[in-house]
Structures are given as structure tokens and as C-alpha cells.
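Please read the structure below before turning to the comments.
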Amino acid sequence: MSAPPELVKGVPLFADLDKRELQGLASSMKERTFNTGQTIASEGQTGIGFFVIAEGSAKVTQGDEERATLGPGDYFGEIALIDDGTRTASVTADSDLKVYGLTSWEFRPLVETNASIAWKLLQTMAKRLREAEGR
């Protein structure tokens, strides 16, 4: 099942997409479910997916420190969309979780043809870098 377009539009990276682009992106995202306590992303492990939470909550940890709690409309994994590198944090389901995911090879053509997404992705990366340097 594909993602609801209104969920995807709530992600700042995708807010400027027109209706057709939004529908195309949403239709390429796949539904996944995780049980309470299940790890979705492991810090230091390779990750290829970007996820938007539809239902439930998850916690983000780096090392042994909890960094954030995510809920419906929140997203993670955008760094992996760019470099296919290792995860910078772990994400674990705090409750039963429903997410919609997208792989880097599905995402890349969208960024290459939509400058507003590329710019927002750069802004997000700059913000994350500043936060990391401030720790």
C-alpha cells in the first residue's frame, strides 16, 4: 500500500511539490510495520531508506543517549537517501509503528528534477551538521 499524499506533504522536504509530483512520490512509498521494541535503523549500520511515521512512536538514540521521540508526521533517514552510508542514530519503535518508506534509488530522480527538494535537503543537512557540531 502506498503512502497517503497528505502525510507526505506534511514532510518539509516535500511541501513544495505540486499535486502530481506529490502523488508520484506517495505512490512509490511502501508501507511497513514494526512491533514495539523493534529496531528500524541501527546506528553505524548501512541504511538505504527514508521513513515517514504514519502511526505510533519511536525513539532516536545516539550511543546510549536518547535524542528524540518521533510520532506521526515525523521522518528519519534523509541522510541515507543522499549517501547510502551508515546510520547516524538508532531508531526503535516505542509502540506498534506504521511507516512509509522510500529507497535512495527511488528518491534520487525526484531530487534531480526538483530543485526545491534539493534545496530543502541541503538546509536540513546544514541544520543537522550545526546540531552535531554543537554537541
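Naming scheme: A, B, ... for chains in displayed order of the C-alpha cells; residues 1 onward per chain; ligands 1 onward as shown.
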
Show me, as a VMD selection string, the residues that have an atom within 7 Å of Asp74 of chain A when counting only C-alpha atoms, minus same-chain residues fewer than 2 positions from it.
chain A and resid 52 to 53 70 to 72

Check segment 3-118 of chain A with DSSP on the backbone and list each residue it calls helix (DSSP H, G or I), as a PyMOL selection string.
chain A and resi 5-9+12-14+19-28+78-83+104-113+115-118

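Nearest residue to Gln123 of chain A among A:Glu78, A:Glu66, A:Glu6, A:Glu21 is A:Glu78, counting only C-alpha atoms.
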
Long-range neighbours of segment 37-43 of chain A as a compact mmCIF listing (two decimals) with N, CA, C and O atoms, in the first residue's frame, 12 Å cut-off, only C-alpha atoms, 2 positions minimum in chain:
```txt
# COMPACT_ATOMS: atom_id res chain seq x y z
N ARG A 32 5.30 -0.15 5.83
CA ARG A 32 5.99 -1.15 6.65
C ARG A 32 5.49 -1.01 8.07
O ARG A 32 5.13 0.08 8.51
N THR A 33 5.48 -2.10 8.79
CA THR A 33 5.07 -2.07 10.19
C THR A 33 6.18 -2.67 11.05
O THR A 33 6.93 -3.55 10.61
N PHE A 34 6.28 -2.15 12.27
CA PHE A 34 7.27 -2.62 13.24
C PHE A 34 6.57 -2.79 14.57
O PHE A 34 5.71 -1.98 14.93
N ASN A 35 6.95 -3.81 15.31
CA ASN A 35 6.39 -4.06 16.63
C ASN A 35 7.13 -3.26 17.70
O ASN A 35 8.30 -2.89 17.50
N GLN A 45 25.13 1.14 11.13
CA GLN A 45 24.80 0.15 10.11
C GLN A 45 24.39 0.87 8.82
O GLN A 45 23.91 2.00 8.86
N THR A 46 24.57 0.21 7.71
CA THR A 46 24.18 0.78 6.43
C THR A 46 22.66 0.93 6.39
O THR A 46 21.93 0.05 6.82
N GLY A 47 22.22 2.04 5.85
CA GLY A 47 20.78 2.28 5.70
C GLY A 47 20.49 2.80 4.32
O GLY A 47 21.25 3.58 3.76
N ILE A 48 19.39 2.33 3.74
CA ILE A 48 19.05 2.79 2.40
C ILE A 48 17.68 3.46 2.35
O ILE A 48 17.25 3.90 1.31
N GLY A 49 17.01 3.54 3.49
CA GLY A 49 15.65 4.02 3.45
C GLY A 49 15.38 5.30 4.21
O GLY A 49 16.05 5.64 5.17
N PHE A 50 14.36 5.99 3.72
CA PHE A 50 13.79 7.17 4.35
C PHE A 50 12.39 6.77 4.79
O PHE A 50 11.68 6.09 4.05
N PHE A 51 12.00 7.16 6.00
CA PHE A 51 10.70 6.75 6.52
C PHE A 51 9.92 7.93 7.08
O PHE A 51 10.49 8.82 7.70
N VAL A 52 8.61 7.91 6.87
CA VAL A 52 7.67 8.86 7.47
C VAL A 52 6.75 8.04 8.36
O VAL A 52 6.21 7.01 7.93
N ILE A 53 6.58 8.49 9.60
CA ILE A 53 5.73 7.75 10.55
C ILE A 53 4.27 8.12 10.31
O ILE A 53 3.91 9.29 10.30
N GLY A 56 1.92 5.58 15.57
CA GLY A 56 2.81 5.10 16.61
C GLY A 56 3.91 6.07 16.93
O GLY A 56 3.92 7.22 16.47
N SER A 57 4.88 5.61 17.74
CA SER A 57 6.00 6.45 18.11
C SER A 57 7.29 5.64 18.13
O SER A 57 7.27 4.42 18.23
N ALA A 58 8.40 6.38 18.03
CA ALA A 58 9.72 5.75 18.01
C ALA A 58 10.69 6.65 18.75
O ALA A 58 10.48 7.86 18.85
N LYS A 59 11.74 6.05 19.29
CA LYS A 59 12.77 6.86 19.94
C LYS A 59 14.05 6.81 19.12
O LYS A 59 14.38 5.81 18.49
N VAL A 60 14.76 7.94 19.15
CA VAL A 60 16.02 8.09 18.44
C VAL A 60 17.13 8.14 19.47
O VAL A 60 17.05 8.93 20.42
N THR A 61 18.14 7.30 19.32
CA THR A 61 19.27 7.30 20.24
C THR A 61 20.58 7.36 19.47
O THR A 61 20.69 6.87 18.35
N GLN A 62 21.56 8.03 20.11
CA GLN A 62 22.93 8.02 19.62
C GLN A 62 23.78 7.57 20.78
O GLN A 62 23.72 8.18 21.86
N GLY A 63 24.54 6.50 20.56
CA GLY A 63 25.25 5.90 21.68
C GLY A 63 24.21 5.43 22.68
O GLY A 63 23.27 4.74 22.31
N ASP A 64 24.36 5.83 23.94
CA ASP A 64 23.37 5.47 24.95
C ASP A 64 22.42 6.61 25.28
O ASP A 64 21.62 6.51 26.20
N GLU A 65 22.52 7.71 24.52
CA GLU A 65 21.70 8.88 24.82
C GLU A 65 20.46 8.95 23.93
O GLU A 65 20.56 8.84 22.71
N PHE A 76 12.61 10.21 9.29
CA PHE A 76 14.03 9.96 9.54
C PHE A 76 14.61 9.20 8.36
O PHE A 76 13.89 8.62 7.56
N GLY A 77 15.93 9.24 8.26
CA GLY A 77 16.63 8.51 7.21
C GLY A 77 16.96 9.34 5.98
O GLY A 77 17.44 8.82 4.98
N ALA A 80 20.54 9.01 4.72
CA ALA A 80 20.79 7.78 3.96
C ALA A 80 20.32 7.91 2.51
O ALA A 80 20.84 7.22 1.63
N GLY A 85 25.15 5.80 3.21
CA GLY A 85 26.15 5.50 4.24
C GLY A 85 25.52 4.88 5.47
O GLY A 85 24.38 4.42 5.47
N THR A 86 26.29 4.89 6.54
CA THR A 86 25.82 4.29 7.79
C THR A 86 24.88 5.24 8.52
O THR A 86 24.94 6.45 8.36
N ARG A 87 24.01 4.66 9.31
CA ARG A 87 23.04 5.44 10.08
C ARG A 87 23.76 6.25 11.15
O ARG A 87 24.68 5.77 11.79
N THR A 88 23.31 7.49 11.35
CA THR A 88 23.92 8.35 12.35
C THR A 88 23.27 8.19 13.72
O THR A 88 23.75 8.73 14.70
N ALA A 89 22.16 7.44 13.78
CA ALA A 89 21.46 7.20 15.03
C ALA A 89 20.66 5.91 14.89
O ALA A 89 20.47 5.40 13.79
N SER A 90 20.20 5.40 16.03
CA SER A 90 19.31 4.24 16.03
C SER A 90 17.89 4.73 16.23
O SER A 90 17.64 5.71 16.95
N VAL A 91 16.95 4.04 15.60
CA VAL A 91 15.53 4.35 15.77
C VAL A 91 14.84 3.06 16.14
O VAL A 91 14.95 2.05 15.44
N THR A 92 14.12 3.11 17.28
CA THR A 92 13.45 1.93 17.82
C THR A 92 11.97 2.25 18.06
O THR A 92 11.65 3.32 18.58
N ALA A 93 11.11 1.31 17.70
CA ALA A 93 9.67 1.51 17.89
C ALA A 93 9.35 1.54 19.38
O ALA A 93 9.69 0.62 20.12
N ASP A 94 8.70 2.62 19.84
CA ASP A 94 8.22 2.75 21.22
C ASP A 94 6.84 2.12 21.36
O ASP A 94 6.39 1.83 22.47
N SER A 95 6.16 1.97 20.26
CA SER A 95 4.84 1.35 20.20
C SER A 95 4.76 0.64 18.86
O SER A 95 5.69 0.73 18.06
N ASP A 96 3.67 -0.06 18.61
CA ASP A 96 3.50 -0.60 17.27
C ASP A 96 3.53 0.58 16.31
O ASP A 96 2.95 1.63 16.59
N LEU A 97 4.24 0.41 15.22
CA LEU A 97 4.57 1.54 14.35
C LEU A 97 4.22 1.21 12.90
O LEU A 97 4.52 0.12 12.43
N LYS A 98 3.59 2.17 12.24
CA LYS A 98 3.35 2.05 10.79
C LYS A 98 4.08 3.21 10.14
O LYS A 98 3.89 4.36 10.52
N VAL A 99 4.94 2.89 9.18
CA VAL A 99 5.71 3.89 8.46
C VAL A 99 5.55 3.65 6.96
O VAL A 99 5.12 2.59 6.53
N TYR A 100 5.92 4.69 6.20
CA TYR A 100 6.01 4.55 4.76
C TYR A 100 7.44 4.86 4.39
O TYR A 100 8.01 5.85 4.84
N GLY A 101 8.05 3.98 3.58
CA GLY A 101 9.46 4.10 3.26
C GLY A 101 9.74 4.31 1.79
O GLY A 101 8.93 3.99 0.92
```

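Atom pair atom CA of Leu13 of chain A / atom CA of Trp119 of chain A: separated by 8.6 Å.
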
Residue contacts of Ala15 of chain A (12 Å, only C-alpha atoms) excluding same-chain residues fewer than 5 positions away, as a list in words:
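What passes the distance filter is Pro5, Glu6, Leu7, Val8, Lys9, Gly10, Glu21, Leu22, Leu25, Asn114, Ser116, Ile117, Lys120 and Leu121 of chain A.
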
Return the single residue from A:Ala118, A:Ala54, A:Ala126, A:Leu102 that is closest to Gly73 of chain A, with distances computed using only C-alpha atoms.
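The answer is A:Ala54, which sits nearest to Gly73 of chain A.
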
Run DSSP on the backbone and give me the residues of chain A it puts in strand (DSSP E or B), as number ranges by chain.
A: 2, 30-34, 39-41, 43, 46, 49-55, 58-62, 65-70, 75-76, 86-87, 90-93, 97-103

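Here atom CA of Leu129 of chain A and atom CA of Met29 of chain A stand 26.8 Å from one another.
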